[in-house]
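Source file: upload03.tsv (TSV, C-alpha atoms)
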chain	number	residue	atom	x	y	z
A	1	MET	CA	105.67	-87.90	-108.82
A	2	GLU	CA	106.73	-86.92	-105.32
A	3	ILE	CA	109.30	-84.48	-106.69
A	4	TRP	CA	106.63	-82.90	-108.86
A	5	GLN	CA	104.34	-82.63	-105.85
A	6	ASN	CA	107.04	-80.89	-103.80
A	7	THR	CA	108.03	-78.50	-106.55
A	8	PHE	CA	104.43	-77.66	-107.29
A	9	ARG	CA	103.70	-77.08	-103.62
A	10	ASP	CA	106.73	-74.77	-103.51
A	11	LYS	CA	105.29	-72.88	-106.46
A	12	LEU	CA	102.02	-72.39	-104.62
A	13	TYR	CA	103.94	-71.25	-101.56
A	14	ARG	CA	105.97	-68.74	-103.56
A	15	LEU	CA	102.88	-67.22	-105.14
A	16	ALA	CA	101.19	-66.94	-101.73
A	17	LEU	CA	104.34	-65.44	-100.28
A	18	ARG	CA	104.45	-62.89	-103.08
A	19	LEU	CA	100.89	-61.81	-102.36
A	20	LEU	CA	100.87	-62.03	-98.56
A	21	ASN	CA	104.46	-61.19	-97.61
A	22	SER	CA	104.21	-63.58	-94.70
A	23	SER	CA	106.02	-66.89	-94.71
A	24	ASP	CA	103.73	-68.58	-92.18
A	25	ASP	CA	100.51	-67.48	-93.84
A	26	ALA	CA	101.86	-68.42	-97.25
A	27	ALA	CA	102.77	-71.90	-96.01
A	28	ASP	CA	99.28	-72.28	-94.53
A	29	ILE	CA	97.64	-71.23	-97.79
A	30	ALA	CA	99.82	-73.61	-99.78
A	31	GLN	CA	98.87	-76.45	-97.47
A	32	ASP	CA	95.18	-75.56	-97.69
A	33	VAL	CA	95.25	-75.53	-101.47
A	34	TRP	CA	97.14	-78.80	-101.52
A	35	LEU	CA	94.57	-80.35	-99.21
A	36	LYS	CA	91.68	-79.13	-101.34
A	37	LEU	CA	93.35	-80.51	-104.44
A	38	TRP	CA	93.78	-83.82	-102.69
A	39	GLN	CA	90.12	-83.86	-101.72
A	40	ARG	CA	89.19	-83.20	-105.36
A	41	LYS	CA	91.72	-85.58	-106.83
A	42	GLU	CA	89.05	-87.38	-108.84
A	43	GLU	CA	88.04	-84.14	-110.56
A	44	ILE	CA	91.61	-83.05	-111.42
A	45	PRO	CA	92.06	-85.25	-114.54
A	46	LYS	CA	88.92	-83.68	-115.98
A	47	LEU	CA	90.39	-80.19	-115.67
A	48	LYS	CA	92.00	-78.56	-118.69
A	49	ASN	CA	94.87	-77.09	-116.73
A	50	ALA	CA	95.25	-78.29	-113.16
A	51	GLU	CA	98.14	-75.99	-112.37
A	52	ALA	CA	96.22	-72.91	-113.46
A	53	PHE	CA	93.32	-74.11	-111.33
A	54	ALA	CA	95.62	-74.48	-108.31
A	55	PHE	CA	97.13	-71.05	-108.86
A	56	THR	CA	93.66	-69.54	-109.12
A	57	MET	CA	92.71	-71.18	-105.85
A	58	THR	CA	95.88	-69.92	-104.19
A	59	ARG	CA	95.35	-66.40	-105.45
A	60	ASN	CA	91.71	-66.36	-104.38
A	61	LEU	CA	92.57	-67.63	-100.92
A	62	CYS	CA	95.29	-65.02	-100.58
A	63	LEU	CA	92.92	-62.28	-101.65
A	64	ASP	CA	90.37	-63.57	-99.16
A	65	VAL	CA	92.95	-63.38	-96.43
A	66	LEU	CA	93.90	-59.86	-97.46
A	67	LYS	CA	90.33	-58.66	-97.79
A	68	SER	CA	88.58	-60.57	-95.01
A	69	ALA	CA	89.98	-58.78	-92.01
A	70	ARG	CA	91.39	-55.30	-91.83
A	71	LEU	CA	93.27	-56.21	-88.67
A	72	LYS	CA	94.86	-59.08	-90.48
A	73	ASN	CA	95.98	-56.69	-93.15
A	74	GLU	CA	97.49	-54.38	-90.60
A	75	ARG	CA	99.29	-57.28	-89.03
A	76	LEU	CA	100.66	-58.30	-92.37
A	77	ASP	CA	101.75	-54.75	-93.07
A	78	GLN	CA	103.41	-54.68	-89.69
A	79	LYS	CA	105.18	-57.92	-90.45
A	80	HIS	CA	106.23	-56.56	-93.79
A	81	GLU	CA	107.51	-53.37	-92.21
A	82	ASN	CA	109.36	-55.37	-89.60
A	83	SER	CA	110.90	-57.54	-92.23
A	84	LEU	CA	111.93	-54.47	-94.17
A	85	SER	CA	113.32	-52.74	-91.10
A	86	THR	CA	115.27	-55.82	-90.11
A	87	SER	CA	116.46	-56.30	-93.61
A	88	ASN	CA	117.51	-52.66	-93.75
A	89	THR	CA	120.25	-53.51	-91.30
A	90	ASP	CA	121.47	-56.20	-93.65
A	91	LEU	CA	121.13	-53.94	-96.61
A	92	LEU	CA	124.85	-53.34	-96.85
A	93	GLU	CA	125.64	-57.01	-96.53
A	94	ARG	CA	122.95	-58.25	-98.86
A	95	ASN	CA	122.37	-57.20	-102.38
A	96	GLU	CA	120.93	-53.72	-102.28
A	97	GLN	CA	119.51	-54.02	-105.75
A	98	SER	CA	117.57	-57.19	-105.02
A	99	GLN	CA	116.08	-55.52	-101.96
A	100	LEU	CA	115.01	-52.63	-104.11
A	101	ILE	CA	113.45	-54.98	-106.66
A	102	HIS	CA	111.61	-56.80	-103.89
A	103	GLN	CA	110.13	-53.53	-102.67
A	104	ALA	CA	109.29	-52.41	-106.18
A	105	ILE	CA	107.39	-55.64	-106.90
A	106	ASN	CA	105.59	-55.47	-103.58
A	107	ASN	CA	104.36	-52.00	-104.44
A	108	LEU	CA	102.58	-53.33	-107.54
A	109	THR	CA	98.88	-54.22	-107.62
A	110	GLU	CA	97.81	-57.77	-106.77
A	111	GLN	CA	97.17	-58.59	-110.41
A	112	GLN	CA	100.50	-57.18	-111.56
A	113	LYS	CA	102.28	-59.04	-108.77
A	114	THR	CA	100.66	-62.31	-109.79
A	115	VAL	CA	101.45	-61.85	-113.47
A	116	ILE	CA	105.08	-60.83	-113.00
A	117	HIS	CA	105.60	-63.63	-110.50
A	118	LEU	CA	104.09	-66.33	-112.67
A	119	ARG	CA	105.92	-65.07	-115.73
A	120	ASP	CA	109.37	-64.08	-114.51
A	121	VAL	CA	109.81	-66.23	-111.42
A	122	GLU	CA	107.87	-69.36	-112.36
A	123	GLY	CA	108.26	-69.02	-116.15
A	124	TYR	CA	104.68	-69.73	-117.21
A	125	GLU	CA	103.28	-68.95	-120.64
A	126	LEU	CA	101.03	-65.95	-121.08
A	127	SER	CA	98.12	-68.21	-122.01
A	128	GLU	CA	98.48	-70.14	-118.73
A	129	ILE	CA	98.64	-66.93	-116.73
A	130	ALA	CA	95.57	-65.63	-118.56
A	131	GLU	CA	93.75	-68.83	-117.67
A	132	THR	CA	94.78	-68.52	-114.03
A	133	LEU	CA	93.56	-64.95	-113.78
A	134	ASN	CA	90.56	-65.62	-115.98
A	135	ILE	CA	91.46	-62.75	-118.34
A	136	SER	CA	92.46	-62.52	-122.00
A	137	GLU	CA	96.00	-63.11	-123.18
A	138	ASN	CA	96.36	-59.59	-124.52
A	139	ASN	CA	95.21	-58.19	-121.23
A	140	THR	CA	97.81	-60.32	-119.48
A	141	LYS	CA	100.48	-59.00	-121.80
A	142	VAL	CA	99.49	-55.42	-121.01
A	143	ILE	CA	99.51	-56.08	-117.26
A	144	LEU	CA	102.93	-57.71	-117.49
A	145	CYS	CA	104.29	-54.84	-119.54
A	146	ARG	CA	103.03	-52.27	-117.01
A	147	ALA	CA	104.36	-54.26	-114.11
A	148	ARG	CA	107.83	-54.47	-115.63
A	149	GLN	CA	107.71	-50.80	-116.48
A	150	ASN	CA	106.89	-49.93	-112.86
A	151	VAL	CA	109.75	-52.07	-111.57
A	152	ARG	CA	112.15	-50.52	-114.05
A	153	GLU	CA	111.06	-47.02	-113.07
A	154	ALA	CA	111.57	-47.84	-109.40
A	155	ILE	CA	115.09	-49.06	-110.13
A	156	LEU	CA	115.91	-46.04	-112.30
A	157	ASN	CA	114.54	-43.65	-109.67
A	158	PHE	CA	116.68	-45.30	-107.04
A	159	GLU	CA	119.78	-45.05	-109.21
A	160	ARG	CA	119.02	-41.40	-109.99
A	161	HIS	CA	118.69	-40.63	-106.27
A	162	GLU	CA	121.91	-42.44	-105.55
A	163	GLN	CA	123.76	-40.50	-108.24
A	164	GLU	CA	122.38	-37.21	-106.95
A	165	ALA	CA	123.38	-38.09	-103.42
A	166	TYR	CA	126.86	-39.08	-104.63
A	167	SER	CA	127.31	-35.87	-106.66
A	168	GLY	CA	126.10	-33.80	-103.69
A	169	PHE	CA	128.59	-35.56	-101.46
A	170	THR	CA	131.52	-34.95	-103.86
A	171	ARG	CA	130.68	-31.22	-104.17
B	1	MET	CA	109.69	-66.44	-124.36
B	2	SER	CA	112.85	-67.49	-126.19
B	3	GLU	CA	114.09	-63.89	-126.19
B	4	GLU	CA	113.56	-63.69	-122.48
B	5	MET	CA	115.52	-66.91	-122.00
B	6	GLU	CA	118.38	-65.52	-124.08
B	7	LEU	CA	118.45	-62.36	-122.00
B	8	LYS	CA	118.37	-64.38	-118.83
B	9	ASN	CA	121.30	-66.54	-119.92
B	10	PHE	CA	123.25	-63.50	-121.07
B	11	PHE	CA	122.91	-61.67	-117.77
B	12	HIS	CA	123.55	-64.85	-115.86
B	13	LYS	CA	126.80	-65.66	-117.65
B	14	THR	CA	128.25	-62.22	-118.29
B	15	SER	CA	130.06	-60.69	-115.36
B	16	ILE	CA	131.46	-57.52	-116.92
B	17	LEU	CA	128.60	-55.18	-117.73
B	18	PRO	CA	128.16	-51.43	-118.19
B	19	ASP	CA	126.73	-49.59	-115.17
B	20	GLU	CA	123.34	-48.96	-116.77
B	21	TRP	CA	122.82	-52.71	-117.30
B	22	LYS	CA	123.85	-53.85	-113.84
B	23	ALA	CA	120.34	-53.27	-112.52
B	24	TYR	CA	118.98	-55.81	-115.03
B	25	LYS	CA	121.52	-58.39	-113.94
B	26	SER	CA	120.39	-58.04	-110.35
B	27	LEU	CA	116.78	-58.25	-111.58
B	28	PHE	CA	117.37	-61.62	-113.22
B	29	THR	CA	119.39	-62.80	-110.23
B	30	TYR	CA	116.51	-61.81	-107.98
B	31	PHE	CA	114.06	-63.82	-110.09
B	32	GLU	CA	116.35	-66.83	-109.92
B	33	ASN	CA	116.67	-66.56	-106.16
B	34	GLU	CA	112.95	-66.22	-105.78
B	35	SER	CA	112.31	-69.33	-107.84
B	36	ALA	CA	114.60	-71.31	-105.53
B	37	LYS	CA	112.53	-70.57	-102.41
B	38	LYS	CA	110.93	-73.59	-100.81
B	39	ILE	CA	108.11	-74.11	-98.41
B	40	PRO	CA	109.45	-74.21	-94.83
B	41	ILE	CA	108.91	-77.47	-93.00
B	42	SER	CA	107.77	-76.81	-89.47
B	43	LYS	CA	109.40	-79.23	-87.06
B	44	LYS	CA	106.83	-78.68	-84.35
B	45	THR	CA	103.89	-80.99	-84.70
B	46	HIS	CA	100.51	-80.38	-83.14
B	47	HIS	CA	101.14	-83.12	-80.60
B	48	GLN	CA	104.27	-81.40	-79.38
B	49	LYS	CA	102.45	-78.08	-79.16
B	50	ASN	CA	99.61	-79.70	-77.18
B	51	PHE	CA	102.07	-81.43	-74.87
B	52	TRP	CA	103.82	-78.20	-73.94
B	53	TRP	CA	100.47	-76.45	-73.63
B	54	ILE	CA	99.21	-79.06	-71.14
B	55	ILE	CA	102.46	-78.94	-69.15
B	56	GLY	CA	102.23	-75.17	-68.96
B	57	ILE	CA	98.65	-75.25	-67.70
B	58	GLY	CA	99.52	-77.94	-65.11
B	59	LEU	CA	102.46	-75.99	-63.76
B	60	SER	CA	100.50	-72.76	-63.52
B	61	THR	CA	97.66	-74.52	-61.66
B	62	ALA	CA	100.08	-76.11	-59.22
B	63	ALA	CA	101.77	-72.78	-58.61
B	64	THR	CA	98.40	-71.13	-57.95
B	65	PHE	CA	97.41	-73.77	-55.39
B	66	LEU	CA	100.80	-73.53	-53.68
B	67	LEU	CA	100.46	-69.78	-53.47
B	68	LEU	CA	96.96	-70.02	-52.01
B	69	PHE	CA	98.04	-72.52	-49.35
B	70	THR	CA	101.07	-70.49	-48.33
B	71	ILE	CA	98.89	-67.43	-47.90
B	72	GLN	CA	96.21	-69.24	-45.87
B	73	LEU	CA	98.35	-71.35	-43.49
B	74	PRO	CA	99.80	-68.57	-41.29
B	75	THR	CA	96.30	-67.16	-40.66
B	76	THR	CA	94.98	-70.51	-39.38
B	77	GLN	CA	97.87	-71.13	-36.96
B	78	LYS	CA	97.33	-68.46	-34.32
B	79	GLU	CA	99.21	-68.76	-31.07
B	80	LEU	CA	97.00	-68.34	-28.05
B	81	HIS	CA	97.94	-65.89	-25.36
B	82	PRO	CA	98.99	-67.60	-22.10
B	83	LEU	CA	96.17	-65.84	-20.28
B	84	ALA	CA	93.70	-67.24	-22.81
B	85	VAL	CA	95.06	-70.74	-22.21
B	86	ILE	CA	94.52	-70.41	-18.50
B	87	THR	CA	91.03	-69.08	-19.12
B	88	LYS	CA	90.30	-72.13	-21.25
B	89	GLN	CA	91.52	-74.38	-18.48
B	90	HIS	CA	89.27	-72.61	-16.05
B	91	ASP	CA	86.28	-72.92	-18.33
B	92	SER	CA	86.86	-76.59	-18.89
B	93	MET	CA	87.18	-77.04	-15.16
B	94	TYR	CA	83.71	-75.56	-14.65
B	95	GLY	CA	82.26	-77.65	-17.44
B	96	LYS	CA	82.00	-74.90	-20.04
B	97	SER	CA	83.46	-75.41	-23.43
B	98	VAL	CA	84.76	-72.56	-25.49
B	99	LEU	CA	82.25	-73.24	-28.21
B	100	GLN	CA	79.37	-72.92	-25.81
B	101	LYS	CA	80.65	-69.57	-24.70
B	102	LYS	CA	80.93	-68.41	-28.25
B	103	SER	CA	77.38	-69.45	-28.99
B	104	GLU	CA	76.24	-67.59	-25.91
B	105	THR	CA	77.85	-64.41	-27.13
B	106	LYS	CA	76.16	-64.73	-30.52
B	107	LYS	CA	72.68	-64.66	-28.98
B	108	PRO	CA	70.57	-61.60	-29.79
B	109	ALA	CA	70.78	-58.66	-27.42
B	110	LYS	CA	67.10	-58.80	-26.46
B	111	LYS	CA	67.27	-62.22	-24.86
B	112	GLU	CA	70.43	-61.49	-22.97
B	113	GLU	CA	70.02	-60.28	-19.48
B	114	PRO	CA	71.87	-57.19	-18.29
B	115	GLU	CA	75.43	-57.34	-17.11
B	116	LYS	CA	74.55	-59.72	-14.30
B	117	SER	CA	75.08	-62.68	-16.58
B	118	LYS	CA	78.49	-61.39	-17.58
B	119	PRO	CA	80.47	-60.88	-14.38
B	120	ALA	CA	83.93	-59.38	-14.69
B	121	ARG	CA	86.81	-61.72	-14.04
B	122	THR	CA	89.41	-61.17	-11.38
B	123	ILE	CA	92.84	-62.67	-11.00
B	124	ILE	CA	93.37	-64.80	-7.89
B	125	GLY	CA	96.95	-65.15	-6.72
B	126	ASP	CA	100.32	-63.86	-8.02
B	127	HIS	CA	101.76	-67.08	-9.46
B	128	PRO	CA	101.75	-67.51	-13.26
B	129	SER	CA	99.49	-70.48	-12.79
B	130	THR	CA	96.78	-68.26	-11.28
B	131	ILE	CA	93.29	-68.67	-12.55
B	132	LEU	CA	90.63	-66.23	-13.52
B	133	ALA	CA	87.36	-66.23	-11.69
B	134	PHE	CA	84.16	-64.31	-12.05
B	135	LYS	CA	83.58	-61.54	-9.54
B	136	ASN	CA	80.54	-63.01	-7.89
B	137	GLU	CA	81.61	-66.56	-8.40
B	138	LYS	CA	82.32	-68.64	-5.38
B	139	VAL	CA	85.56	-70.45	-5.87
B	140	SER	CA	86.20	-73.13	-3.32
B	141	ASN	CA	89.60	-73.22	-1.70
B	142	SER	CA	90.05	-76.87	-2.56
B	143	ASN	CA	89.64	-76.10	-6.27
B	144	VAL	CA	92.21	-73.34	-6.09
B	145	ASP	CA	94.61	-75.60	-4.20
B	146	ASN	CA	94.18	-78.36	-6.73
B	147	THR	CA	94.84	-76.04	-9.62
B	148	ILE	CA	97.96	-74.63	-8.04
B	149	ARG	CA	99.17	-78.08	-7.06
B	150	ASN	CA	98.68	-79.36	-10.57
B	151	SER	CA	100.56	-76.44	-12.05
B	152	LEU	CA	103.45	-76.92	-9.59
B	153	ALA	CA	103.69	-80.67	-10.14
B	154	PRO	CA	106.38	-80.39	-12.84
B	155	LEU	CA	108.54	-78.35	-10.44
B	156	ASP	CA	108.36	-81.15	-7.85
B	157	LYS	CA	109.59	-83.56	-10.46
B	158	MET	CA	112.44	-81.22	-11.25
B	159	GLU	CA	113.45	-81.23	-7.57
B	160	ASP	CA	113.54	-85.03	-7.61
B	161	ILE	CA	115.78	-84.95	-10.63
B	162	ASN	CA	118.07	-82.41	-8.97
B	163	GLN	CA	118.35	-84.63	-5.93
B	164	ALA	CA	119.21	-87.55	-8.14
B	165	LEU	CA	121.89	-85.55	-9.87
B	166	GLN	CA	123.34	-84.35	-6.54
B	167	LYS	CA	125.43	-87.53	-6.33
B	168	PHE	CA	127.32	-86.73	-9.48
B	169	LYS	CA	128.15	-83.16	-8.47
B	170	TYR	CA	131.46	-84.14	-6.80
B	171	PHE	CA	132.73	-86.31	-9.63
B	172	ASP	CA	134.46	-83.42	-11.33
B	173	LEU	CA	136.29	-82.39	-8.18
B	174	MET	CA	137.32	-85.97	-7.52
B	175	ASN	CA	138.67	-86.34	-10.99
B	176	LYS	CA	140.59	-83.08	-10.59
B	177	TYR	CA	142.24	-83.66	-7.20
B	178	LEU	CA	142.28	-87.44	-6.95
B	179	PRO	CA	142.88	-88.65	-10.47
B	180	ASN	CA	144.25	-92.04	-9.38
B	181	LEU	CA	141.46	-92.88	-7.00
B	182	THR	CA	139.67	-96.08	-7.76
B	183	ILE	CA	136.08	-96.17	-6.74
B	184	PRO	CA	134.93	-99.45	-5.27
B	185	VAL	CA	131.91	-100.99	-6.84
B	186	ILE	CA	129.01	-100.89	-4.44
B	187	LYS	CA	126.29	-103.31	-4.85
B	188	GLU	CA	122.96	-101.58	-4.74
B	189	GLU	CA	120.47	-103.06	-2.39
B	190	PRO	CA	116.84	-103.01	-3.31
B	191	LEU	CA	114.87	-100.23	-1.69
B	192	LYS	CA	112.68	-101.18	1.17
Let me see whether you can do it: turn the structure in this file into structure tokens.
Amino acid sequence: MEIWQNTFRDKLYRLALRLLNSSDDAADIAQDVWLKLWQRKEEIPKLKNAEAFAFTMTRNLCLDVLKSARLKNERLDQKHENSLSTSNTDLLERNEQSQLIHQAINNLTEQQKTVIHLRDVEGYELSEIAETLNISENNTKVILCRARQNVREAILNFERHEQEAYSGFTR
Amino acid sequence: MSEEMELKNFFHKTSILPDEWKAYKSLFTYFENESAKKIPISKKTHHQKNFWWIIGIGLSTAATFLLLFTIQLPTTQKELHPLAVITKQHDSMYGKSVLQKKSETKKPAKKEEPEKSKPARTIIGDHPSTILAFKNEKVSNSNVDNTIRNSLAPLDKMEDINQALQKFKYFDLMNKYLPNLTIPVIKEEPLK
């Protein structure tokens, strides 16, 4: 039970991290959601899908954080930029491709981010994701397809630029 | 879902891939790495944060007080000019305290009489222990003598001490020229 709790809390944290790009804020959100779930523990067995409910709560809280204060958003952007700039120095040491994928996913819309995260990182079914986002399954499939397409295009564009740069260098 | 799992396993296991597929391998690797992320456990508790916060406030307050005291102390300890000390002595001798004089000076200008009430002071005598007296003030000779005598009293004591030490002045010479001389013990008789 405890292992499940920890893993599920990690899942909430990862989703919040995906949406907020801030480790501290994501941890706070995960803790808040966990606390709210604990306070409503008597209602949880009545729910059809508790995990989807928790993910919905996490997503809503993250969106609240993003929307509530413009300053907060700027701070988060700053943090994100800082993290990118610092990680740029490690770009040669770390996997360049994974960095590119990270950026490509971060450039997606909130909905696309959530869908691709829940599907490809957490491995949830489309029906569960649809329930979390309160949309139809077909709609979820379309969103996922577009999100993957955008990521693929970002990767292909990067490779094309790299090849052009390499060919220009050899000439 | 099963197809996705197959693809995932394929890219996970296969190491030799064509260049155009390498991006997909890194994509699946990225997803795997992301799924392994865990919530960070902050070691600092609220109690610890509060503790350091209180200590910081305490130290800053103490430093502020210390700074204030060090700034104020030199201003309170003013050394009086020797002339002012003598003036004080004079005033006390004539039964006037310094505070009274101050209060007199604070009186409004209307009530104060013209310069008659404020006579200029003159210095009597050349010795450092001279006193200041008002121009029109009658200073009795006995008072002046007493003041001078009191101020010279320490010098008289010094003369006594010098006389007492006069005995020992020749000890060095005796030690130098008569090293083997034994001095007989003289019994001191009580003074009459």
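Using only C-alpha atoms, the smallest distance between any of B:Asp172, B:Asp145, B:Glu34, B:Glu3 and chain A comes from B:Glu34.
Separating atom CA of A:Ala26 from atom CA of A:Asn150 is a distance of 24.7 Å.
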Please, which residues in chain A fall within 7 Å of chain B when counting all atoms listed in the file, and what is the closest atom pair and distance in Å to one decimal for each, ordered by chain then residue number, as a tab-separated table?
residue	atom	partner	partner_atom	distance
A:Asp10	CA	B:Lys38	CA	5.1
A:Tyr13	CA	B:Ile39	CA	6.0
A:Arg14	CA	B:Lys37	CA	6.9
A:Ala27	CA	B:Ile39	CA	6.3
A:Gln97	CA	B:Ser26	CA	6.2
A:Ser98	CA	B:Tyr30	CA	5.6
A:Ile101	CA	B:Leu27	CA	6.8
A:Asp120	CA	B:Phe31	CA	6.4
A:Val121	CA	B:Phe31	CA	5.1
A:Glu122	CA	B:Ser35	CA	6.3
Write the residues of the preceding selection, restricted to C-alpha atoms, as an mmCIF file, in the coordinates of the input.
data_model
loop_
_atom_site.group_PDB
_atom_site.id
_atom_site.type_symbol
_atom_site.label_atom_id
_atom_site.label_comp_id
_atom_site.auth_asym_id
_atom_site.auth_seq_id
_atom_site.Cartn_x
_atom_site.Cartn_y
_atom_site.Cartn_z
ATOM 1 C CA ASP A 10 106.730 -74.770 -103.510
ATOM 2 C CA TYR A 13 103.940 -71.250 -101.560
ATOM 3 C CA ARG A 14 105.970 -68.740 -103.560
ATOM 4 C CA ALA A 27 102.770 -71.900 -96.010
ATOM 5 C CA GLN A 97 119.510 -54.020 -105.750
ATOM 6 C CA SER A 98 117.570 -57.190 -105.020
ATOM 7 C CA ILE A 101 113.450 -54.980 -106.660
ATOM 8 C CA ASP A 120 109.370 -64.080 -114.510
ATOM 9 C CA VAL A 121 109.810 -66.230 -111.420
ATOM 10 C CA GLU A 122 107.870 -69.360 -112.360
#
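Proximity to A:Ser127 was assessed for A:Ile143, A:Ile105, A:Ala154, A:Ala52 counting only C-alpha atoms; the smallest distance is recorded for A:Ala52.
Atom CA of A:Met57 to atom CA of A:Tyr124 spans 16.6 Å [interatomic distance, one decimal].
Residues within 7 Å of A:Val33, counting all atoms listed in the file and excluding same-chain residues fewer than 2 positions away, are Ile29, Ala30, Gln31, Leu35, Lys36, Leu37, Ala54, Met57 and Thr58 of chain A.
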If we count all atoms listed in the file and set the cut-off at 9 Å, which residues sit around A:Asn106, ignoring sequence neighbours fewer than 5 positions away in its own chain? Please answer as an MDAnalysis selection string. chainID A and resid 18:19 21 101 113
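The smallest atom-to-atom distance between A:Ala147 and any of A:Glu125, A:Glu131, A:Asp24, A:Glu110, using all atoms listed in the file, is found for A:Glu110.
Here atom CA of A:Asp25 is placed at a distance of 19.1 Å from atom CA of A:Gln111.
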